[in-house]
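Text of data.txt (compact mmCIF, C-alpha atoms) as supplied:
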```txt
# COMPACT_ATOMS: atom_id res chain seq x y z
CA MET A 1 34.58 -147.98 -39.03
CA ASN A 2 31.32 -148.17 -37.07
CA LYS A 3 29.81 -145.57 -39.40
CA PHE A 4 30.45 -147.71 -42.46
CA PHE A 5 29.10 -150.94 -41.01
CA PRO A 6 25.37 -150.13 -41.40
CA LEU A 7 26.08 -148.85 -44.91
CA LEU A 8 27.79 -152.12 -45.79
CA ILE A 9 24.88 -154.13 -44.40
CA ALA A 10 22.39 -151.95 -46.34
CA ALA A 11 24.39 -152.36 -49.56
CA LEU A 12 24.54 -156.13 -49.13
CA THR A 13 20.80 -156.32 -48.37
CA THR A 14 20.02 -154.22 -51.46
CA ALA A 15 22.24 -156.47 -53.56
CA LEU A 16 20.50 -159.53 -52.12
CA LEU A 17 17.03 -158.18 -52.82
CA THR A 18 17.74 -156.91 -56.33
CA GLY A 19 20.16 -159.66 -57.28
CA CYS A 20 17.88 -162.56 -56.42
CA GLY A 21 14.76 -161.52 -58.29
CA ALA A 22 14.02 -162.93 -61.73
CA THR A 23 11.76 -161.15 -64.21
CA THR A 24 9.23 -163.62 -65.56
CA SER A 25 6.49 -163.18 -68.10
CA ILE A 26 3.99 -165.69 -69.45
CA ASP A 27 2.13 -165.53 -72.75
CA GLU A 28 -0.87 -167.75 -73.15
CA TYR A 29 -2.85 -168.71 -76.21
CA ARG A 30 -5.97 -170.86 -76.17
CA PRO A 31 -8.57 -171.24 -78.91
CA ASN A 32 -11.25 -170.87 -76.24
CA ASN A 33 -11.49 -170.47 -72.52
CA ASN A 34 -13.07 -173.85 -71.86
CA ILE A 35 -11.36 -175.79 -69.12
CA MET A 36 -9.76 -178.98 -70.37
CA GLU A 37 -11.43 -181.93 -68.78
CA ILE A 38 -9.49 -184.88 -67.51
CA ASN A 39 -10.99 -187.92 -65.81
CA SER A 40 -9.43 -189.39 -62.72
CA ASP A 41 -8.27 -192.44 -64.72
CA GLU A 42 -6.59 -190.32 -67.37
CA SER A 43 -3.12 -188.84 -67.27
CA VAL A 44 -0.93 -186.14 -68.76
CA VAL A 45 2.57 -186.70 -70.15
CA ILE A 46 5.09 -183.87 -70.32
CA LEU A 47 7.58 -184.44 -73.12
CA GLY A 48 10.72 -182.53 -74.06
CA ARG A 49 11.62 -181.63 -77.62
CA ARG A 50 15.16 -182.86 -78.34
CA ASP A 51 15.54 -182.45 -82.07
CA ALA A 52 17.28 -179.05 -82.09
CA GLY A 53 20.97 -179.08 -82.89
CA HIS A 54 22.45 -176.87 -80.21
CA TYR A 55 20.35 -177.52 -77.13
CA ASP A 56 18.21 -180.13 -75.44
CA THR A 57 15.08 -179.48 -73.40
CA ASP A 58 16.45 -180.76 -70.13
CA ARG A 59 14.83 -183.57 -68.16
CA GLU A 60 15.31 -181.68 -64.91
CA PHE A 61 12.98 -178.91 -66.12
CA ILE A 62 10.41 -181.44 -67.34
CA SER A 63 10.43 -183.20 -63.96
CA CYS A 64 10.03 -179.81 -62.27
CA ILE A 65 6.96 -178.95 -64.40
CA GLY A 66 5.57 -182.41 -63.69
CA SER A 67 5.92 -181.93 -59.96
CA LYS A 68 4.24 -178.49 -60.14
CA MET A 69 1.29 -179.91 -62.07
CA GLN A 70 0.88 -183.08 -60.10
CA GLY A 71 -1.76 -182.96 -57.46
CA ALA A 72 -4.73 -184.83 -56.17
CA ASP A 73 -6.52 -184.04 -59.43
CA ILE A 74 -3.99 -184.43 -62.19
CA SER A 75 -1.98 -187.56 -62.77
CA VAL A 76 1.31 -186.91 -64.55
CA MET A 77 3.03 -189.89 -66.14
CA PRO A 78 6.86 -189.82 -66.11
CA GLU A 79 8.25 -188.91 -69.52
CA GLN A 80 10.68 -191.82 -69.82
CA GLN A 81 8.00 -194.36 -68.88
CA PHE A 82 5.78 -193.15 -71.72
CA ILE A 83 8.61 -192.94 -74.28
CA ASP A 84 9.79 -196.47 -73.40
CA SER A 85 6.28 -197.90 -73.62
CA ILE A 86 5.93 -196.87 -77.28
CA TYR A 87 9.57 -197.12 -78.35
CA PRO A 88 10.70 -196.06 -80.98
CA TRP A 89 7.89 -193.67 -81.94
CA PHE A 90 8.69 -190.77 -79.59
CA GLU A 91 12.49 -190.69 -79.96
CA PRO A 92 14.10 -187.40 -81.12
CA ARG A 93 14.22 -188.79 -84.69
CA THR A 94 10.65 -190.10 -84.79
CA ALA A 95 8.53 -187.97 -82.44
CA PRO A 96 5.59 -186.29 -84.22
CA LYS A 97 6.23 -182.59 -84.83
CA GLY A 98 2.65 -181.80 -85.74
CA LEU A 99 -0.89 -183.05 -85.28
CA LYS A 100 -1.00 -184.51 -88.79
CA ARG A 101 1.86 -186.88 -88.00
CA LEU A 102 0.37 -187.69 -84.57
CA THR A 103 -2.95 -188.61 -86.18
CA TYR A 104 -1.13 -190.85 -88.67
CA LEU A 105 0.89 -192.47 -85.87
CA MET A 106 -2.19 -193.18 -83.78
CA LYS A 107 -3.79 -195.04 -86.67
CA ASP A 108 -1.33 -197.86 -85.92
CA PRO A 109 -3.37 -200.18 -83.67
CA ASP A 110 -0.30 -201.31 -81.68
CA ILE A 111 0.71 -197.74 -80.82
CA LYS A 112 -2.87 -196.68 -80.08
CA SER A 113 -3.49 -199.62 -77.77
CA GLN A 114 -0.29 -198.88 -75.82
CA VAL A 115 -1.33 -195.24 -75.37
CA ASP A 116 -4.92 -196.18 -74.44
CA ARG A 117 -3.79 -198.88 -72.03
CA GLN A 118 -1.88 -196.25 -70.05
CA GLY A 119 -4.78 -193.82 -70.03
CA VAL A 120 -2.80 -190.98 -71.59
CA ARG A 121 -5.17 -188.15 -72.55
CA TYR A 122 -2.94 -185.10 -73.02
CA LEU A 123 0.58 -184.60 -74.32
CA VAL A 124 2.37 -181.44 -73.24
CA TRP A 125 5.37 -180.69 -75.46
CA LEU A 126 8.04 -178.52 -73.86
CA ASP A 127 10.67 -176.85 -75.99
CA GLY A 128 13.34 -174.48 -74.75
CA SER A 129 16.44 -174.06 -72.68
CA THR A 130 18.18 -171.98 -70.04
CA GLN A 131 21.22 -170.11 -71.27
CA THR A 132 23.85 -167.83 -69.83
CA LEU A 133 23.77 -164.65 -71.88
CA GLU A 134 26.30 -162.24 -70.47
CA GLN A 135 29.13 -162.65 -68.03
CA GLY A 136 31.27 -159.97 -66.47
CA GLY A 137 33.79 -159.28 -63.75
CA SER A 138 36.36 -161.65 -62.39
CA ILE A 139 37.02 -163.45 -59.18
CA SER A 140 40.16 -165.24 -58.15
CA CYS A 141 40.76 -167.64 -55.31
CA ALA A 142 44.10 -168.58 -53.79
CA ILE A 143 45.17 -170.99 -51.12
CA GLY A 144 48.49 -171.18 -49.36
CA PRO A 145 49.89 -172.59 -46.15
CA GLY A 146 47.87 -171.03 -43.37
CA ALA A 147 45.66 -168.75 -45.45
CA GLY A 148 43.34 -168.61 -48.42
CA GLY A 149 40.45 -166.69 -49.86
CA CYS A 150 38.62 -165.31 -52.85
CA PHE A 151 38.64 -161.72 -54.06
CA GLY A 152 36.74 -159.98 -56.80
CA PHE A 153 33.26 -159.73 -58.23
CA ALA A 154 31.55 -161.66 -61.00
CA GLN A 155 28.10 -161.46 -62.53
CA TRP A 156 26.21 -163.37 -65.16
CA GLU A 157 22.78 -163.10 -66.71
CA LYS A 158 20.64 -166.15 -67.35
CA SER A 159 17.58 -166.47 -69.51
CA SER A 160 15.03 -169.29 -69.55
CA ILE A 161 12.69 -169.45 -72.52
CA TYR A 162 10.30 -172.38 -72.81
CA GLU A 163 7.19 -173.02 -74.86
CA ALA A 164 4.54 -175.57 -73.92
CA ILE A 165 2.02 -176.94 -76.41
CA VAL A 166 -0.89 -179.09 -75.22
CA TRP A 167 -2.28 -181.81 -77.50
CA ASP A 168 -5.49 -183.70 -76.79
CA LEU A 169 -5.27 -187.36 -77.80
CA ASN A 170 -9.06 -187.74 -77.87
CA ASP A 171 -9.58 -185.60 -80.94
CA PHE A 172 -5.95 -184.92 -81.96
CA SER A 173 -6.29 -181.18 -81.50
CA GLU A 174 -4.14 -178.45 -80.00
CA LYS A 175 -5.68 -177.14 -76.80
CA GLY A 176 -3.33 -174.31 -75.99
CA ARG A 177 0.12 -172.80 -75.93
CA LEU A 178 2.12 -171.17 -73.18
CA ARG A 179 5.41 -169.36 -73.38
CA VAL A 180 7.47 -168.42 -70.36
CA ASP A 181 10.34 -165.97 -70.51
CA SER A 182 12.38 -165.52 -67.36
CA SER A 183 15.65 -163.69 -66.89
CA GLY A 184 17.81 -162.45 -64.07
CA THR A 185 21.34 -161.64 -62.99
CA SER A 186 23.35 -163.58 -60.44
CA TYR A 187 26.39 -162.30 -58.56
CA LEU A 188 29.39 -163.81 -56.86
CA ILE A 189 31.21 -161.58 -54.40
CA GLY A 190 34.63 -162.63 -53.25
CA ALA A 191 35.24 -161.15 -49.83
CA VAL A 192 37.63 -163.75 -48.42
CA ALA A 193 34.77 -166.26 -48.57
CA PRO A 194 32.83 -166.38 -51.86
CA ILE A 195 29.28 -165.03 -51.36
CA PRO A 196 26.88 -166.21 -54.07
CA LEU A 197 23.73 -164.18 -54.79
CA LEU A 198 21.97 -166.48 -57.18
CA THR A 199 18.81 -165.66 -59.12
CA PRO A 200 16.66 -168.77 -59.55
CA VAL A 201 15.76 -168.07 -63.19
CA LYS A 202 14.97 -171.65 -64.20
CA LYS A 203 13.12 -172.37 -60.98
CA ASP A 204 11.00 -169.28 -61.50
CA ALA A 205 10.24 -170.26 -65.10
CA CYS A 206 9.25 -173.76 -63.95
CA SER A 207 7.08 -172.50 -61.14
CA SER A 208 5.22 -170.00 -63.34
CA LEU A 209 4.74 -172.38 -66.26
CA GLY A 210 3.72 -175.30 -64.02
CA LYS A 211 1.11 -173.27 -62.16
CA GLN A 212 -0.32 -171.84 -65.38
CA LEU A 213 -0.49 -175.25 -67.02
CA LYS A 214 -2.27 -176.66 -64.00
CA LYS A 215 -4.98 -174.03 -64.46
CA PHE A 216 -5.72 -175.48 -67.91
CA PHE A 217 -7.17 -178.64 -66.42
CA SER A 218 -10.16 -179.61 -64.36
CA VAL A 219 -11.16 -183.00 -63.08
CA ASP A 220 -14.38 -184.82 -63.74
CA ASN A 221 -14.58 -187.41 -60.97
CA MET B 1 54.14 -180.98 -37.12
CA GLN B 2 51.59 -178.31 -37.97
CA LEU B 3 53.45 -177.50 -41.16
CA SER B 4 53.42 -181.15 -42.27
CA LYS B 5 49.63 -181.30 -41.70
CA LEU B 6 49.24 -178.18 -43.81
CA SER B 7 51.44 -179.69 -46.51
CA ILE B 8 49.24 -182.79 -46.56
CA ILE B 9 46.05 -180.69 -46.84
CA THR B 10 47.61 -178.55 -49.58
CA GLY B 11 48.76 -181.69 -51.37
CA LEU B 12 45.26 -183.20 -51.13
CA PHE B 13 43.72 -180.04 -52.59
CA ALA B 14 46.25 -180.08 -55.43
CA LEU B 15 45.46 -183.74 -56.12
CA LEU B 16 41.74 -182.99 -56.09
CA PHE B 17 42.27 -180.20 -58.62
CA ILE B 18 44.38 -182.38 -60.89
CA THR B 19 41.95 -185.34 -60.87
CA GLY B 20 38.92 -183.06 -61.01
CA CYS B 21 40.17 -181.42 -64.17
CA SER B 22 41.20 -184.69 -65.80
CA SER B 23 39.59 -185.07 -69.21
CA SER B 24 39.78 -188.87 -69.48
CA ALA B 25 36.62 -190.97 -69.39
CA GLN B 26 36.10 -194.72 -69.31
CA VAL B 27 32.44 -195.24 -70.06
CA GLN B 28 30.56 -198.48 -69.57
CA VAL B 29 27.08 -198.39 -71.11
CA ASP B 30 25.03 -200.63 -68.89
CA ARG B 31 21.32 -200.01 -69.40
CA ASN B 32 18.11 -201.82 -70.15
CA PHE B 33 16.47 -200.98 -73.44
CA PRO B 34 12.74 -201.15 -74.17
CA THR B 35 11.17 -203.69 -76.48
CA VAL B 36 9.83 -202.21 -79.69
CA VAL B 37 6.22 -201.51 -80.59
CA SER B 38 6.23 -202.82 -84.14
CA LYS B 39 4.55 -205.53 -86.16
CA PRO B 40 7.27 -207.77 -87.68
CA LYS B 41 6.96 -208.73 -91.35
CA ALA B 42 6.77 -212.35 -92.45
CA VAL B 43 10.47 -212.43 -93.27
CA SER B 44 13.12 -214.76 -91.89
CA ALA B 45 16.50 -213.41 -90.82
CA SER B 46 19.66 -214.70 -89.23
CA ILE B 47 21.48 -212.02 -87.30
CA ILE B 48 25.17 -212.55 -86.76
CA PHE B 49 26.39 -210.95 -83.55
CA ASN B 50 30.04 -211.99 -83.56
CA ASP B 51 32.36 -211.63 -80.56
CA GLU B 52 33.93 -208.49 -81.98
CA PHE B 53 30.50 -206.82 -82.06
CA LYS B 54 29.34 -208.16 -78.68
CA ASP B 55 32.52 -207.05 -76.91
CA TYR B 56 33.06 -203.83 -78.83
CA VAL B 57 34.83 -201.05 -76.94
CA ALA B 58 35.07 -197.78 -78.85
CA THR B 59 38.08 -195.50 -78.49
CA PRO B 60 36.94 -192.20 -79.98
CA SER B 61 39.96 -190.37 -78.52
CA LYS B 62 43.12 -191.25 -76.65
CA LYS B 63 41.54 -190.47 -73.30
CA THR B 64 38.03 -191.80 -73.88
CA THR B 65 36.76 -195.37 -74.15
CA ILE B 66 33.12 -196.42 -74.43
CA ASP B 67 32.16 -200.03 -73.83
CA ILE B 68 29.00 -200.41 -75.91
CA GLY B 69 29.27 -204.09 -76.87
CA ALA B 70 26.61 -205.57 -74.58
CA ALA B 71 24.29 -202.56 -74.89
CA GLN B 72 24.32 -202.49 -78.70
CA THR B 73 23.73 -206.26 -78.88
CA LEU B 74 20.68 -205.87 -76.66
CA MET B 75 19.36 -202.78 -78.42
CA LEU B 76 19.79 -203.98 -81.99
CA GLY B 77 18.55 -207.44 -80.98
CA ASN B 78 15.28 -205.83 -79.82
CA ALA B 79 15.04 -203.79 -83.02
CA PHE B 80 15.67 -206.78 -85.33
CA ALA B 81 13.01 -208.74 -83.43
CA GLY B 82 10.57 -205.97 -84.37
CA LEU B 83 11.44 -206.35 -88.07
CA PHE B 84 11.31 -210.10 -88.70
CA SER B 85 8.73 -212.65 -87.60
CA ASN B 86 11.19 -215.53 -87.83
CA ILE B 87 14.59 -214.66 -86.41
CA GLU B 88 17.70 -216.35 -85.05
CA PHE B 89 20.76 -214.84 -83.41
CA VAL B 90 24.02 -216.62 -84.11
CA GLN B 91 27.72 -215.97 -83.62
CA SER B 92 29.05 -216.89 -87.05
CA LYS B 93 27.88 -217.64 -90.60
CA ASP B 94 28.36 -221.41 -90.23
CA GLN B 95 25.68 -221.43 -87.51
CA VAL B 96 22.97 -220.01 -89.81
CA SER B 97 20.12 -222.51 -90.01
CA LEU B 98 17.21 -220.58 -91.54
CA GLU B 99 16.48 -221.06 -95.23
CA ASN B 100 15.32 -218.38 -97.63
CA ALA B 101 16.33 -215.77 -95.06
CA LEU B 102 18.32 -212.58 -94.87
CA VAL B 103 21.70 -212.98 -93.22
CA ILE B 104 22.67 -209.73 -91.52
CA THR B 105 26.05 -208.98 -89.96
CA PRO B 106 26.17 -205.64 -88.14
CA SER B 107 29.51 -204.02 -87.39
CA VAL B 108 30.68 -200.70 -85.98
CA GLN B 109 32.65 -198.54 -88.42
CA GLU B 110 33.40 -195.65 -86.12
CA VAL B 111 32.38 -193.92 -82.90
CA GLN B 112 32.87 -190.18 -82.46
CA VAL B 113 32.40 -188.04 -79.37
CA SER B 114 32.30 -184.29 -78.98
CA THR B 115 32.30 -182.42 -75.69
CA PRO B 116 31.42 -178.81 -74.81
CA SER B 117 35.14 -177.97 -74.78
CA ASP B 118 35.38 -179.08 -78.43
CA THR B 119 32.30 -177.35 -79.81
CA TYR B 120 31.51 -174.54 -77.34
CA LEU B 121 27.94 -175.88 -77.25
CA ASN B 122 26.38 -177.00 -73.98
CA VAL B 123 25.92 -180.56 -75.19
CA TYR B 124 27.85 -183.83 -75.24
CA GLU B 125 27.39 -185.69 -78.53
CA VAL B 126 28.01 -189.28 -79.62
CA TRP B 127 27.89 -190.63 -83.19
CA ILE B 128 27.93 -194.36 -83.85
CA LYS B 129 28.40 -195.39 -87.47
CA TYR B 130 27.13 -198.90 -88.15
CA SER B 131 27.42 -200.98 -91.26
CA LEU B 132 24.99 -203.83 -91.96
CA ASP B 133 26.31 -206.48 -94.31
CA ILE B 134 23.20 -208.10 -95.80
CA GLU B 135 23.28 -211.39 -97.72
CA ASN B 136 20.80 -214.04 -98.74
CA SER B 137 20.95 -217.63 -97.47
CA GLN B 138 23.15 -218.63 -100.41
CA GLY B 139 25.80 -216.11 -99.41
CA ASP B 140 25.13 -213.62 -102.22
CA GLN B 141 25.47 -210.02 -101.09
CA ILE B 142 22.26 -207.99 -101.21
CA ASP B 143 23.60 -204.75 -99.76
CA SER B 144 26.02 -203.14 -97.36
CA TRP B 145 23.97 -200.52 -95.57
CA PHE B 146 25.56 -197.61 -93.75
CA MET B 147 23.54 -196.63 -90.69
CA PRO B 148 24.64 -193.63 -88.62
CA ALA B 149 23.12 -193.00 -85.19
CA TYR B 150 23.34 -189.86 -83.06
CA GLY B 151 22.76 -188.98 -79.44
CA LYS B 152 23.27 -185.87 -77.36
CA THR B 153 22.78 -184.82 -73.78
CA PRO B 154 22.93 -181.35 -72.25
CA ASP B 155 25.90 -180.35 -70.15
CA SER B 156 25.02 -179.49 -66.58
CA PHE B 157 26.99 -178.40 -63.57
CA MET B 158 26.58 -181.64 -61.61
CA LEU B 159 26.94 -184.06 -64.54
CA SER B 160 30.34 -185.70 -64.87
CA LYS B 161 31.90 -186.18 -68.27
CA THR B 162 31.60 -189.97 -67.92
CA ASN B 163 27.89 -189.83 -67.10
CA ALA B 164 27.21 -187.31 -69.86
CA ILE B 165 28.94 -189.44 -72.52
CA GLU B 166 27.12 -192.55 -71.24
CA GLU B 167 23.78 -190.74 -71.49
CA ALA B 168 24.57 -189.53 -75.03
CA ALA B 169 25.69 -193.05 -76.02
CA VAL B 170 22.43 -194.52 -74.71
CA ILE B 171 20.46 -191.99 -76.78
CA ALA B 172 22.61 -192.83 -79.83
CA LEU B 173 21.91 -196.55 -79.35
CA ARG B 174 18.18 -195.88 -79.07
CA ASP B 175 18.48 -193.78 -82.24
CA ALA B 176 20.15 -196.72 -83.99
CA GLY B 177 17.20 -198.93 -83.06
CA ALA B 178 14.73 -196.31 -84.26
CA LYS B 179 16.54 -195.79 -87.58
CA LEU B 180 16.76 -199.52 -88.18
CA LEU B 181 13.02 -200.00 -87.62
CA LEU B 182 12.08 -196.98 -89.67
CA ASP B 183 14.37 -197.36 -92.65
CA PHE B 184 15.29 -201.02 -93.09
CA TYR B 185 12.43 -201.94 -95.42
CA ARG B 186 12.99 -198.71 -97.36
CA ILE B 187 16.41 -199.89 -98.59
CA PRO B 188 15.85 -200.36 -102.35
CA SER B 189 17.83 -203.60 -102.54
CA ILE B 190 15.85 -205.09 -99.63
CA TYR B 191 12.60 -204.01 -101.26
CA ASN B 192 13.69 -205.68 -104.53
CA TRP B 193 14.73 -208.84 -102.69
CA MET B 194 11.33 -208.98 -101.02
CA LEU B 195 9.63 -208.52 -104.40
CA ARG B 196 11.68 -211.37 -105.85
CA GLU B 197 10.97 -213.57 -102.86
CA GLN B 198 7.28 -212.56 -102.92
CA LYS B 199 7.35 -211.43 -99.29
CA LEU B 200 5.52 -208.16 -99.72
CA GLY B 201 1.99 -209.55 -99.87
CA GLY B 202 -0.34 -206.70 -100.73
CA GLU B 203 2.10 -203.96 -99.60
CA GLN B 204 3.73 -203.15 -102.94
```

Rewritten as structure tokens:
Amino acid sequence: MNKFFPLLIAALTTALLTGCGATTSIDEYRPNNNIMEINSDESVVILGRRDAGHYDTDREFISCIGSKMQGADISVMPEQQFIDSIYPWFEPRTAPKGLKRLTYLMKDPDIKSQVDRQGVRYLVWLDGSTQTLEQGGSISCAIGPGAGGCFGFAQWEKSSIYEAIVWDLNDFSEKGRLRVDSSGTSYLIGAVAPIPLLTPVKKDACSSLGKQLKKFFSVDN
Amino acid sequence: MQLSKLSIITGLFALLFITGCSSSAQVQVDRNFPTVVSKPKAVSASIIFNDEFKDYVATPSKKTTIDIGAAQTLMLGNAFAGLFSNIEFVQSKDQVSLENALVITPSVQEVQVSTPSDTYLNVYEVWIKYSLDIENSQGDQIDSWFMPAYGKTPDSFMLSKTNAIEEAAVIALRDAGAKLLLDFYRIPSIYNWMLREQKLGGEQ
């Protein structure tokens, strides 16, 4: 028994190390390498695309990106605050899909004054979702008088794919695109107590995308 | 004694499982809605929000009810205020006091809900089908406009069915306001009425 104990520990440690790592890649496109300037009285809004039929860019991910970008230098306005302030022009049905429509929208003096009043300089559109791709194994739990537990093994693979597009409201131009692709497998081991080995796929995607987006901006105080 | 304690704990777990897996939802939509950014046209309108509309509770399935009466009155009230420069909200036709105005009576035709267990998609969806009965001040019908609205919200591990349906209903109500503002003056019969009443100014 004592001989197998270190092996068991080593196997569990290996599973922990390999099971909890997500593979993340970022593709970046920018027309030039100039740093995007943002004054201290200007802000960035991160908006989710919600016009696709089968998924919604979730608010949790948008808040996460916002918190990664926010710092002493960059002011990030909450998405809902911006959408409410110019209702109904950024609802799923009405939000501009391209720069042509944005330019047309901003010709309306009421909409433009609302945007200007809030000091919004950049819009960052996020589109994507986190999905469970493959699931395998099985785990069953039982409880009875005096005893209970879970036995088995389950695994599932998650993939987070998000694209960010940055629009400048000063000249209605696209300043850059970023695409993050993160995937990883999580495990649940039932050895009386369920032992989850979760891979933070979405968190990793958020962290990578947020940090990269932050590098786009500089501050002119 | 110990056995009875265990029975109670087992019973509690069983109860938790049964209630946790229950698929019924009583949803009360109780939110504030934003005012609209829109320049109203120089048109007068009397909006009839009757009691049936103001207290409307949808029953899209046997186990689901959605109380949207107060929320839809607030939302559509905001949207109508963005369409007409001279507006009154009344409860019935005999209270209409504006002359040479549109008299609009909104009503709900149907509310539908779909959940991830119905569609195998990770979204909760709500459809609200409105009908706007539009007349002139003399009581002649101008149009009966069908206005569908749609809202969806992603399913997530911590989101209860009730909260998810409420969120989707709120998005559907906001969509109704957006559609009304965007499309109302594009209704051909409304456009013709405005031409006849010379309310278009230089816009035709």

Determine, counting only C-alpha atoms, every residue of protein, DNA or RNA that lies within 10 Å of (16.4, -165.8, -71.3) in the file coordinates, then give the result as a VMD selection string.
chain A and resid 23 to 24 128 to 133 157 to 162 180 to 184 201 to 202 205

Compute the chain A side of the contact with chain B at 10 Å, counting only C-alpha atoms, and hand it back as an mmCIF file with C-alpha atoms, in the frame of the given file.
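Done, and the output landed in out15.cif:
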```cif
data_model
loop_
_atom_site.group_PDB
_atom_site.id
_atom_site.type_symbol
_atom_site.label_atom_id
_atom_site.label_comp_id
_atom_site.auth_asym_id
_atom_site.auth_seq_id
_atom_site.Cartn_x
_atom_site.Cartn_y
_atom_site.Cartn_z
ATOM 1 C CA ARG A 50 15.160 -182.860 -78.340
ATOM 2 C CA ASP A 51 15.540 -182.450 -82.070
ATOM 3 C CA GLY A 53 20.970 -179.080 -82.890
ATOM 4 C CA HIS A 54 22.450 -176.870 -80.210
ATOM 5 C CA TYR A 55 20.350 -177.520 -77.130
ATOM 6 C CA ASP A 56 18.210 -180.130 -75.440
ATOM 7 C CA THR A 57 15.080 -179.480 -73.400
ATOM 8 C CA ASP A 58 16.450 -180.760 -70.130
ATOM 9 C CA ARG A 59 14.830 -183.570 -68.160
ATOM 10 C CA GLN A 81 8.000 -194.360 -68.880
ATOM 11 C CA ILE A 83 8.610 -192.940 -74.280
ATOM 12 C CA ASP A 84 9.790 -196.470 -73.400
ATOM 13 C CA SER A 85 6.280 -197.900 -73.620
ATOM 14 C CA ILE A 86 5.930 -196.870 -77.280
ATOM 15 C CA TYR A 87 9.570 -197.120 -78.350
ATOM 16 C CA PRO A 88 10.700 -196.060 -80.980
ATOM 17 C CA TRP A 89 7.890 -193.670 -81.940
ATOM 18 C CA PHE A 90 8.690 -190.770 -79.590
ATOM 19 C CA GLU A 91 12.490 -190.690 -79.960
ATOM 20 C CA PRO A 92 14.100 -187.400 -81.120
ATOM 21 C CA ARG A 93 14.220 -188.790 -84.690
ATOM 22 C CA THR A 94 10.650 -190.100 -84.790
ATOM 23 C CA ASP A 108 -1.330 -197.860 -85.920
ATOM 24 C CA PRO A 109 -3.370 -200.180 -83.670
ATOM 25 C CA ASP A 110 -0.300 -201.310 -81.680
ATOM 26 C CA ILE A 111 0.710 -197.740 -80.820
ATOM 27 C CA GLN A 114 -0.290 -198.880 -75.820
ATOM 28 C CA SER A 129 16.440 -174.060 -72.680
ATOM 29 C CA GLN A 131 21.220 -170.110 -71.270
ATOM 30 C CA ILE A 143 45.170 -170.990 -51.120
ATOM 31 C CA GLY A 144 48.490 -171.180 -49.360
ATOM 32 C CA PRO A 145 49.890 -172.590 -46.150
ATOM 33 C CA GLY A 146 47.870 -171.030 -43.370
#
```

Have a look at CA of Gly210 (chain A) and CA of Leu178 (chain A) and let me know their distance in Å, one decimal.
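Atom-to-atom, CA of Gly210 (chain A) to CA of Leu178 (chain A), that is 10.2 Å.
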
CA of Glu28 (chain A) to CA of Ser67 (chain A) measures 20.5 Å

Top pick for closest residue to Leu102 (chain A), considering A:Asn33, A:Asn170, A:Asp27, A:Gly21 and counting all atoms listed in the file:
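Closest to Leu102 (chain A), using all atoms listed in the file: A:Asn170.
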
How would region 50-67 of chain A of the given structure read as a file with C-alpha atoms, as a short mmCIF file (atom, residue, chain, number, x, y, z; two decimals), in the first residue's frame?
```cif
data_model
loop_
_atom_site.label_atom_id
_atom_site.label_comp_id
_atom_site.auth_asym_id
_atom_site.auth_seq_id
_atom_site.Cartn_x
_atom_site.Cartn_y
_atom_site.Cartn_z
CA ARG A 50 -26.08 40.05 -29.24
CA ASP A 51 -27.62 39.68 -32.67
CA ALA A 52 -26.57 36.07 -33.35
CA GLY A 53 -29.31 33.47 -33.12
CA HIS A 54 -27.74 30.74 -31.03
CA TYR A 55 -25.52 32.56 -28.56
CA ASP A 56 -25.11 35.83 -26.72
CA THR A 57 -21.82 37.52 -25.89
CA ASP A 58 -22.17 37.27 -22.15
CA ARG A 59 -22.10 40.29 -19.84
CA GLU A 60 -19.85 38.48 -17.39
CA PHE A 61 -17.08 38.29 -20.01
CA ILE A 62 -17.53 41.95 -20.94
CA SER A 63 -17.27 42.99 -17.28
CA CYS A 64 -14.15 40.85 -16.97
CA ILE A 65 -12.49 42.55 -19.98
CA GLY A 66 -13.51 45.92 -18.55
CA SER A 67 -11.88 45.16 -15.23
#
```
